[in-house]
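Chemist: Below you'll find structure-v9.cif; it's mmCIF, C-alpha atoms.
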data_final
loop_
_atom_site.label_atom_id
_atom_site.label_comp_id
_atom_site.auth_asym_id
_atom_site.auth_seq_id
_atom_site.Cartn_x
_atom_site.Cartn_y
_atom_site.Cartn_z
CA MET P 1139 -2.11 38.73 0.45
CA ALA P 1140 -0.49 36.08 2.62
CA ASN P 1141 2.00 38.73 3.67
CA ILE P 1142 -0.83 41.03 4.81
CA GLY P 1143 -2.44 38.20 6.77
CA LYS P 1144 0.88 37.55 8.46
CA ILE P 1145 1.35 41.22 9.34
CA ILE P 1146 -2.17 41.44 10.79
CA ARG P 1147 -1.62 38.32 12.87
CA LEU P 1148 1.75 39.54 14.09
CA ARG P 1149 0.28 42.88 15.03
CA LYS P 1150 -2.53 41.24 16.97
CA ILE P 1151 -0.08 39.00 18.82
CA GLY P 1152 2.09 42.04 19.60
CA LEU P 1153 -0.87 43.94 21.02
CA VAL P 1154 -1.94 40.96 23.12
CA VAL P 1155 1.60 40.62 24.51
CA ILE P 1156 1.75 44.34 25.35
CA PHE P 1157 -1.69 44.13 26.97
CA ALA P 1158 -0.73 41.09 29.07
CA CYS P 1159 2.55 42.67 30.17
CA PHE P 1160 0.90 45.89 31.22
CA ILE P 1161 -1.60 43.92 33.32
CA LEU P 1162 1.44 42.42 35.05
CA VAL P 1163 3.08 45.86 35.40
CA PHE P 1164 -0.14 47.21 36.90
CA PHE P 1165 -0.20 44.53 39.57
CA LEU P 1166 3.55 44.83 40.21
CA PHE P 1167 3.04 48.47 41.14
CA LEU P 1168 -0.22 47.88 42.95
CA ALA P 1169 1.10 45.08 45.20
CA PRO P 1170 3.58 47.17 47.29
CA SER P 1171 0.97 49.90 47.86
CA VAL P 1172 -1.65 47.39 48.97
CA TYR P 1173 0.91 45.69 51.22
CA ASN P 1174 1.85 49.02 52.81
CA PHE P 1175 -1.80 49.82 53.34
CA PHE P 1176 -2.48 46.63 55.31
CA HIS P 1177 0.93 46.35 57.04
CA TYR P 1178 1.55 49.92 58.02
CA GLN P 1179 5.10 50.61 59.29
CA LYS P 1180 6.26 47.07 58.40
CA TYR P 1181 8.12 47.83 55.22
CA LEU P 1182 9.57 44.84 53.40
CA PRO P 1183 12.85 45.48 51.52
CA GLN P 1184 11.80 42.92 48.89
CA LEU P 1185 9.09 45.31 47.72
CA LYS P 1186 11.76 47.51 46.18
CA SER P 1187 12.73 44.70 43.79
CA VAL P 1188 9.06 44.24 42.81
CA ILE P 1189 8.88 47.93 41.86
CA ILE P 1190 12.16 47.75 39.92
CA SER P 1191 10.94 44.71 37.98
CA GLY P 1192 7.77 46.66 37.15
CA TRP P 1193 9.86 49.52 35.76
CA LEU P 1194 12.07 47.15 33.76
CA LEU P 1195 9.09 45.34 32.28
CA SER P 1196 7.34 48.58 31.32
CA PHE P 1197 10.50 49.97 29.68
CA LEU P 1198 10.94 46.69 27.82
CA MET P 1199 7.34 46.78 26.62
CA LEU P 1200 7.68 50.38 25.47
CA ALA P 1201 10.80 49.39 23.52
CA VAL P 1202 8.91 46.45 21.96
CA ALA P 1203 6.00 48.73 21.05
CA LEU P 1204 8.32 51.25 19.38
CA TRP P 1205 10.14 48.48 17.52
CA ARG P 1206 6.83 47.06 16.29
CA ARG P 1207 5.76 50.48 15.12
CA PHE P 1208 9.02 50.87 13.24
CA LEU P 1209 8.56 47.48 11.55
CA LEU P 1210 4.96 48.27 10.58
CA GLN P 1211 5.97 51.62 9.12
CA LYS P 1212 8.66 49.87 7.15
CA ALA P 1213 6.18 47.30 5.82
CA VAL P 1214 3.74 50.07 4.87
CA ARG P 1215 6.48 51.98 3.07
CA GLN P 1216 7.49 48.91 1.09
CA ASP P 1217 3.97 47.96 0.05
CA PRO P 1218 1.30 50.70 -0.16
CA SER P 1219 -1.48 48.09 -0.38
CA VAL P 1220 -0.62 47.10 3.20
CA ARG P 1221 -1.50 50.62 4.30
CA GLN P 1222 -5.07 50.22 3.02
CA VAL P 1223 -5.53 47.07 5.07
CA LEU P 1224 -3.72 48.19 8.21
CA GLN P 1225 -4.85 51.79 8.40
CA ASP P 1226 -8.41 51.79 7.12
CA GLU P 1227 -11.14 54.10 8.43
CA ARG P 1228 -12.73 51.53 10.70
CA GLU P 1229 -9.41 50.80 12.35
CA LYS P 1230 -8.76 54.49 12.97
CA PHE P 1231 -12.26 54.85 14.38
CA ASN P 1232 -11.65 51.88 16.69
CA TRP P 1233 -8.45 53.50 17.99
CA LEU P 1234 -10.33 56.74 18.64
CA ARG P 1235 -13.10 54.89 20.48
CA SER P 1236 -10.42 53.17 22.57
CA TYR P 1237 -8.94 56.55 23.50
CA ARG P 1238 -12.34 57.66 24.77
CA VAL P 1239 -12.69 54.58 26.99
CA ALA P 1240 -9.08 54.96 28.18
CA PHE P 1241 -9.74 58.61 29.06
CA PHE P 1242 -12.60 57.66 31.37
CA VAL P 1243 -10.61 54.77 32.84
CA LEU P 1244 -7.77 57.22 33.57
CA ILE P 1245 -10.13 59.59 35.39
CA PHE P 1246 -11.60 56.70 37.39
CA VAL P 1247 -8.24 55.14 38.33
CA GLN P 1248 -6.81 58.51 39.36
CA PHE P 1249 -9.55 59.04 41.90
CA ALA P 1250 -9.76 55.39 42.94
CA THR P 1251 -6.10 55.58 44.01
CA GLN P 1252 -6.91 58.63 46.14
CA PHE P 1253 -9.92 57.00 47.76
CA PRO P 1254 -8.13 55.02 50.54
CA SER P 1255 -6.48 58.22 51.76
CA PHE P 1256 -9.92 59.82 52.09
CA LEU P 1257 -11.28 56.77 53.92
CA TYR P 1258 -8.32 56.30 56.28
CA PRO P 1259 -6.46 59.61 56.48
CA ILE P 1260 -4.54 58.31 59.50
CA TYR P 1261 -2.58 55.87 57.29
CA TRP P 1262 -0.05 57.11 54.85
CA VAL P 1263 -0.96 55.34 51.62
CA SER P 1264 0.88 56.23 48.48
CA PHE P 1265 -0.24 54.94 45.10
CA PRO P 1266 2.43 55.82 42.57
CA GLU P 1267 1.73 57.45 39.21
CA GLU P 1268 2.88 54.23 37.53
CA ILE P 1269 -0.41 52.56 38.49
CA THR P 1270 -2.38 55.22 36.63
CA LEU P 1271 -0.08 55.12 33.61
CA SER P 1272 -0.09 51.33 33.31
CA ALA P 1273 -3.89 51.31 33.69
CA ALA P 1274 -4.07 53.88 30.86
CA VAL P 1275 -2.00 51.77 28.46
CA MET P 1276 -3.77 48.57 29.56
CA SER P 1277 -7.25 50.00 28.95
CA LEU P 1278 -6.25 51.58 25.65
CA VAL P 1279 -4.76 48.40 24.17
CA GLY P 1280 -7.41 46.12 25.72
CA THR P 1281 -10.31 48.18 24.42
CA PHE P 1282 -8.77 48.39 20.98
CA LEU P 1283 -8.42 44.60 20.89
CA ILE P 1284 -12.12 44.25 21.80
CA PHE P 1285 -13.31 46.84 19.27
CA ASN P 1286 -11.12 45.40 16.55
CA ARG P 1287 -12.52 41.95 17.20
CA GLU P 1288 -16.04 43.40 16.87
CA GLY P 1289 -15.04 44.94 13.55
CA LYS P 1290 -13.71 41.62 12.31
CA HIS P 1291 -16.98 39.82 13.01
CA GLU P 1292 -19.16 42.43 11.27
CA MET D 517 -31.97 81.10 11.28
CA THR D 518 -32.87 77.45 10.72
CA GLN D 519 -33.40 74.97 13.52
CA ILE D 520 -30.11 73.21 12.76
CA GLU D 521 -28.13 76.45 12.93
CA LYS D 522 -29.84 77.25 16.18
CA ILE D 523 -28.86 73.88 17.62
CA TYR D 524 -25.27 74.32 16.38
CA ARG D 525 -25.04 77.69 18.08
CA MET D 526 -26.53 76.31 21.25
CA ARG D 527 -24.00 73.47 21.32
CA ARG D 528 -21.12 75.86 20.74
CA ASN D 529 -22.31 78.04 23.60
CA VAL D 530 -22.58 75.02 25.87
CA LEU D 531 -19.05 73.96 24.93
CA ILE D 532 -17.67 77.46 25.51
CA LEU D 533 -19.33 77.47 28.91
CA ALA D 534 -17.83 74.08 29.77
CA PHE D 535 -14.42 75.23 28.58
CA VAL D 536 -14.56 78.39 30.70
CA CYS D 537 -15.70 76.37 33.68
CA SER D 538 -12.92 73.80 33.36
CA SER D 539 -10.35 76.58 32.76
CA LEU D 540 -11.43 78.21 35.99
CA LEU D 541 -11.07 74.90 37.78
CA PHE D 542 -7.61 74.53 36.27
CA ALA D 543 -6.73 78.09 37.38
CA LEU D 544 -7.68 77.04 40.88
CA PHE D 545 -4.92 74.45 40.86
CA VAL D 546 -2.04 76.51 39.45
CA PRO D 547 0.67 77.68 41.88
CA PRO D 548 -0.32 80.41 44.35
CA LEU D 549 -0.39 84.00 43.21
CA PRO D 550 1.74 86.51 45.20
CA LEU D 551 -1.12 87.19 47.58
CA LYS D 552 -1.49 86.92 51.32
CA SER D 553 -2.86 83.55 52.31
CA TYR D 554 -6.36 84.72 53.34
CA GLN D 555 -6.73 86.69 50.09
CA TYR D 556 -5.71 83.60 48.19
CA GLN D 557 -8.22 81.49 50.10
CA ILE D 558 -11.00 83.96 49.23
CA LEU D 559 -9.94 83.92 45.58
CA LYS D 560 -9.89 80.14 45.51
CA MET D 561 -13.31 79.94 47.10
CA GLY D 562 -14.68 82.50 44.65
CA VAL D 563 -13.32 80.56 41.69
CA ALA D 564 -14.72 77.30 43.07
CA ILE D 565 -18.21 78.79 43.57
CA LEU D 566 -18.17 80.39 40.12
CA SER D 567 -17.07 77.11 38.52
CA GLY D 568 -19.84 75.27 40.37
CA ILE D 569 -22.48 77.71 39.13
CA LEU D 570 -21.18 77.55 35.57
CA LEU D 571 -21.12 73.75 35.73
CA LEU D 572 -24.77 73.75 36.84
CA ILE D 573 -25.73 76.07 33.97
CA PHE D 574 -23.77 73.81 31.62
CA PHE D 575 -25.77 70.75 32.70
CA VAL D 576 -29.10 72.52 32.39
CA ARG D 577 -28.26 73.79 28.91
CA PHE D 578 -26.92 70.38 27.90
CA MET D 579 -30.18 68.74 28.98
CA LEU D 580 -32.14 71.32 26.97
CA PHE D 581 -29.94 70.63 23.95
CA LYS D 582 -30.47 66.86 24.26
CA GLN D 583 -34.21 67.34 24.64
CA SER D 584 -34.45 69.51 21.54
CA THR D 585 -32.60 66.93 19.41
CA ARG D 586 -34.59 64.01 20.83
CA LYS D 587 -37.86 65.51 19.63
CA ASP D 588 -36.82 65.39 15.99
CA PRO D 589 -34.76 62.34 14.81
CA SER D 590 -33.81 63.99 11.51
CA LEU D 591 -32.44 66.95 13.45
CA HIS D 592 -30.49 64.55 15.63
CA ASP D 593 -28.96 62.92 12.55
CA ALA D 594 -28.08 66.31 11.06
CA VAL D 595 -26.41 67.59 14.22
CA ASP D 596 -24.72 64.40 15.47
CA ASP D 597 -23.23 63.16 12.21
CA GLU D 598 -20.08 61.01 11.82
CA ARG D 599 -17.73 63.98 11.53
CA VAL D 600 -18.93 65.49 14.79
CA LYS D 601 -18.52 62.13 16.49
CA THR D 602 -15.00 61.81 15.09
CA SER D 603 -14.18 65.31 16.30
CA TRP D 604 -15.26 64.36 19.81
CA LEU D 605 -13.20 61.19 19.66
CA ARG D 606 -10.14 63.16 18.54
CA ALA D 607 -10.70 65.52 21.46
CA TYR D 608 -10.79 62.53 23.81
CA ARG D 609 -7.49 61.31 22.36
CA THR D 610 -5.80 64.66 22.98
CA ALA D 611 -7.19 64.85 26.52
CA PHE D 612 -5.92 61.32 27.18
CA TYR D 613 -2.39 62.29 26.11
CA VAL D 614 -2.53 65.47 28.21
CA ILE D 615 -3.41 63.50 31.35
CA VAL D 616 -0.72 60.91 30.65
CA GLY D 617 1.79 63.73 30.00
CA VAL D 618 0.94 65.47 33.26
CA HIS D 619 1.46 62.22 35.17
CA ILE D 620 4.81 61.55 33.49
CA VAL D 621 6.07 65.10 34.20
CA TRP D 622 4.83 64.80 37.78
CA ARG D 623 6.60 61.49 38.24
CA LEU D 624 9.86 62.92 36.87
CA ILE D 625 9.77 66.13 38.94
CA GLU D 626 9.04 64.38 42.26
CA PRO D 627 12.36 62.49 42.59
CA LEU D 628 14.44 65.22 40.91
CA PHE D 629 13.18 68.07 43.10
CA PRO D 630 11.67 66.48 46.22
CA GLY D 631 9.12 68.68 47.94
CA LEU D 632 9.17 71.35 45.24
CA LEU D 633 5.61 70.78 44.05
CA PHE D 634 4.34 70.82 47.64
CA LYS D 635 6.21 74.07 48.38
CA LEU D 636 4.80 75.69 45.24
CA GLY D 637 1.32 74.80 46.43
CA PHE D 638 0.39 72.28 43.75
CA PRO D 639 -2.40 69.86 44.69
CA SER D 640 -2.01 66.11 44.21
CA ALA D 641 -1.51 64.90 40.63
CA PRO D 642 -5.06 63.55 39.99
CA TRP D 643 -6.78 66.88 40.63
CA PHE D 644 -4.34 68.79 38.49
CA ALA D 645 -4.36 66.21 35.68
CA THR D 646 -8.16 65.91 35.65
CA SER D 647 -8.75 69.66 35.45
CA ALA D 648 -6.11 69.94 32.70
CA GLY D 649 -7.69 66.97 30.88
CA LEU D 650 -11.22 68.42 31.04
CA MET D 651 -10.00 71.78 29.83
CA THR D 652 -8.23 70.10 26.91
CA LEU D 653 -11.28 67.95 26.11
CA PHE D 654 -13.69 70.88 25.82
CA GLY D 655 -11.15 73.14 24.14
CA MET D 656 -10.25 70.53 21.54
CA ALA D 657 -13.93 69.65 20.96
CA LEU D 658 -14.57 73.34 20.22
CA TYR D 659 -11.55 73.49 17.94
CA PHE D 660 -12.31 70.31 15.99
CA THR D 661 -16.03 71.10 15.68
CA ARG D 662 -15.10 74.46 14.19
CA GLU D 663 -12.98 72.55 11.68
CA VAL D 664 -16.01 70.43 10.78
CA LYS D 665 -18.15 73.52 10.29
CA ASN D 666 -15.56 75.13 8.03
CA GLY D 667 -14.77 71.95 6.12
#
As structure tokens, how would this structure be written, given the file I've shared?
Modeler:
Amino acid sequence: MANIGKIIRLRKIGLVVIFACFILVFFLFLAPSVYNFFHYQKYLPQLKSVIISGWLLSFLMLAVALWRRFLLQKAVRQDPSVRQVLQDEREKFNWLRSYRVAFFVLIFVQFATQFPSFLYPIYWVSFPEEITLSAAVMSLVGTFLIFNREGKHE
Amino acid sequence: MTQIEKIYRMRRNVLILAFVCSSLLFALFVPPLPLKSYQYQILKMGVAILSGILLLIFFVRFMLFKQSTRKDPSLHDAVDDERVKTSWLRAYRTAFYVIVGVHIVWRLIEPLFPGLLFKLGFPSAPWFATSAGLMTLFGMALYFTREVKNG
């Protein structure tokens, strides 16, 4: 049982880390676009390194997420009782509810990034796809953390 | 036909309507057909107007459906049970992955073939991804709800 408690705690910490890193990734991609919007035609070469660090961090986080998934699968395979605790119905339902919220967040972010171009068509503002993708992961993981906390208190 | 069956059929019809409407919207954003530009513009406008009308009908029918279930709480419980809710949530999950997938493909194509998507007449990614996502959402909801009915 102590092992299960440890796995649950580790998983929660992992999700929190992924969530925090994707918030950072989101802002790393958002910052150059916002800068370009307010300082049109004054491109800073340093912005390129900000974007590269965003890519590196997101690739690193994806690798961490895959590694965590592999470890969890391994733990489940070793001990079937862990599966009952980690993959129960409520947990699955919470993930599905998170997908619904993330879907609407995706739709909203997609159009929010297009909005400045509608407002000021004279400026060339480009919001990269990375903003939308990081917002999707961020909302998915964040919402799951909230729903899972709700489930814990019930 | 019982009231519940009637409601089920009504919901399926509403979903089919929404699916057709979103498919038409998606068709609006696929690459241009081999038509002269003015013919294509007329076609696009026709599809947009048709989608708008269908969307309006969809909302009216959806409101009627909601009203009919609100009148009778037991009917509401029978129609909106846990399995139907789960089916909807699964449809949302699929639509989420479709939108994410479209964005990833878009992001990969842009640097590899610069200007290709613009030349082919694709709109910006959000419009394309949203129409694809909506089509998937309604299509998957229809598919999963059918599973519930059969199960």
Chemist: Separation of atom CA of Phe535 of chain D and atom CA of Ala648 of chain D, in Å?
Modeler: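 A separation of 10.7 Å between them.
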Chemist: Show me which bits of chain P are within 7 Å of chain D, counting only C-alpha atoms, as an mmCIF file with C-alpha atoms, in the frame of the given file.
Modeler:
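In the end it all went to iface.cif:
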data_model
loop_
_atom_site.group_PDB
_atom_site.id
_atom_site.type_symbol
_atom_site.label_atom_id
_atom_site.label_comp_id
_atom_site.auth_asym_id
_atom_site.auth_seq_id
_atom_site.Cartn_x
_atom_site.Cartn_y
_atom_site.Cartn_z
ATOM 1 C CA LEU P 1234 -10.330 56.740 18.640
ATOM 2 C CA ARG P 1235 -13.100 54.890 20.480
ATOM 3 C CA TYR P 1237 -8.940 56.550 23.500
ATOM 4 C CA ARG P 1238 -12.340 57.660 24.770
ATOM 5 C CA PHE P 1241 -9.740 58.610 29.060
ATOM 6 C CA ILE P 1245 -10.130 59.590 35.390
ATOM 7 C CA GLN P 1248 -6.810 58.510 39.360
ATOM 8 C CA PHE P 1249 -9.550 59.040 41.900
ATOM 9 C CA GLU P 1267 1.730 57.450 39.210
ATOM 10 C CA LEU P 1271 -0.080 55.120 33.610
#
Chemist: Skip Ser1236 of chain P itself and residues of its chain fewer than 3 positions away, then list as a ChimeraX atom specification all residues within 8 Å of it, counting only C-alpha atoms.
Modeler: /P:1232-1233,1239-1240,1277-1279,1281-1282,1285
Chemist: Can you pull out every residue within 12 Å of Asp596 of chain D, counting all atoms listed in the file, but drop anything in the same chain fewer than 4 positions away, and send it as a list in words?
Modeler: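 Skipping anything fewer than 4 positions along the chain leaves Ile520, Ile523, Tyr524, Arg527, Phe581, Lys582, Thr585, Arg586, Pro589, Ser590, Leu591, His592, Val600, Lys601, Thr602, Ser603, Trp604, Thr661 and Val664 of chain D.
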Chemist: Suppose you want the space between atom CA of Gly655 of chain D and atom CA of Glu521 of chain D; what is it in Å?
Modeler: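 Interatomic distance, atom CA of Gly655 of chain D to atom CA of Glu521 of chain D: 20.6 Å.
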Chemist: Counting only C-alpha atoms, figure out which residue out of D:Thr518, D:Leu531, D:Leu624, D:Phe644 gets nearest to Arg662 of chain D.
Modeler: D:Leu531
Chemist: Need the axis-aligned box for segment 610-621 of chain D with 6 Å each side, so what are the centre and edges in Å to one decimal, as JSON?
Modeler:
{"center_x": -0.6, "center_y": 63.2, "center_z": 29.1, "size_x": 25.3, "size_y": 16.6, "size_z": 24.2}
Chemist: Suppose you want the space between atom CA of Val1155 of chain P and atom CA of Ser1196 of chain P; what is it in Å?
Modeler: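 Interatomic distance here is 11.9 Å.
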Chemist: Give me the residues within 8 Å of segment 1162-1167 of chain P as a list in words, counting all atoms listed in the file and dropping any in the same chain fewer than 5 places off.
Modeler: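 Everything that qualifies: Val1188, Ile1189, Ser1191, Gly1192, Trp1193, Leu1195, Ser1196, Pro1266, Glu1268, Ile1269, Ser1272 and Ala1273 of chain P.
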Chemist: Using all atoms listed in the file, pick whichever of D:Ile625, D:Val618, D:Leu572, D:Ile532 has the shortest atom-to-atom distance to Ser647 of chain D.
Modeler: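 For Ser647 of chain D, the nearest of the given residues is D:Val618.
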Chemist: Given the choices D:Leu628, D:Leu658, D:Met651, D:Leu540, which gets closest to Ser567 of chain D if the distance is worked out from only C-alpha atoms?
Modeler: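 Of all the options, D:Leu540 lies closest to Ser567 of chain D.
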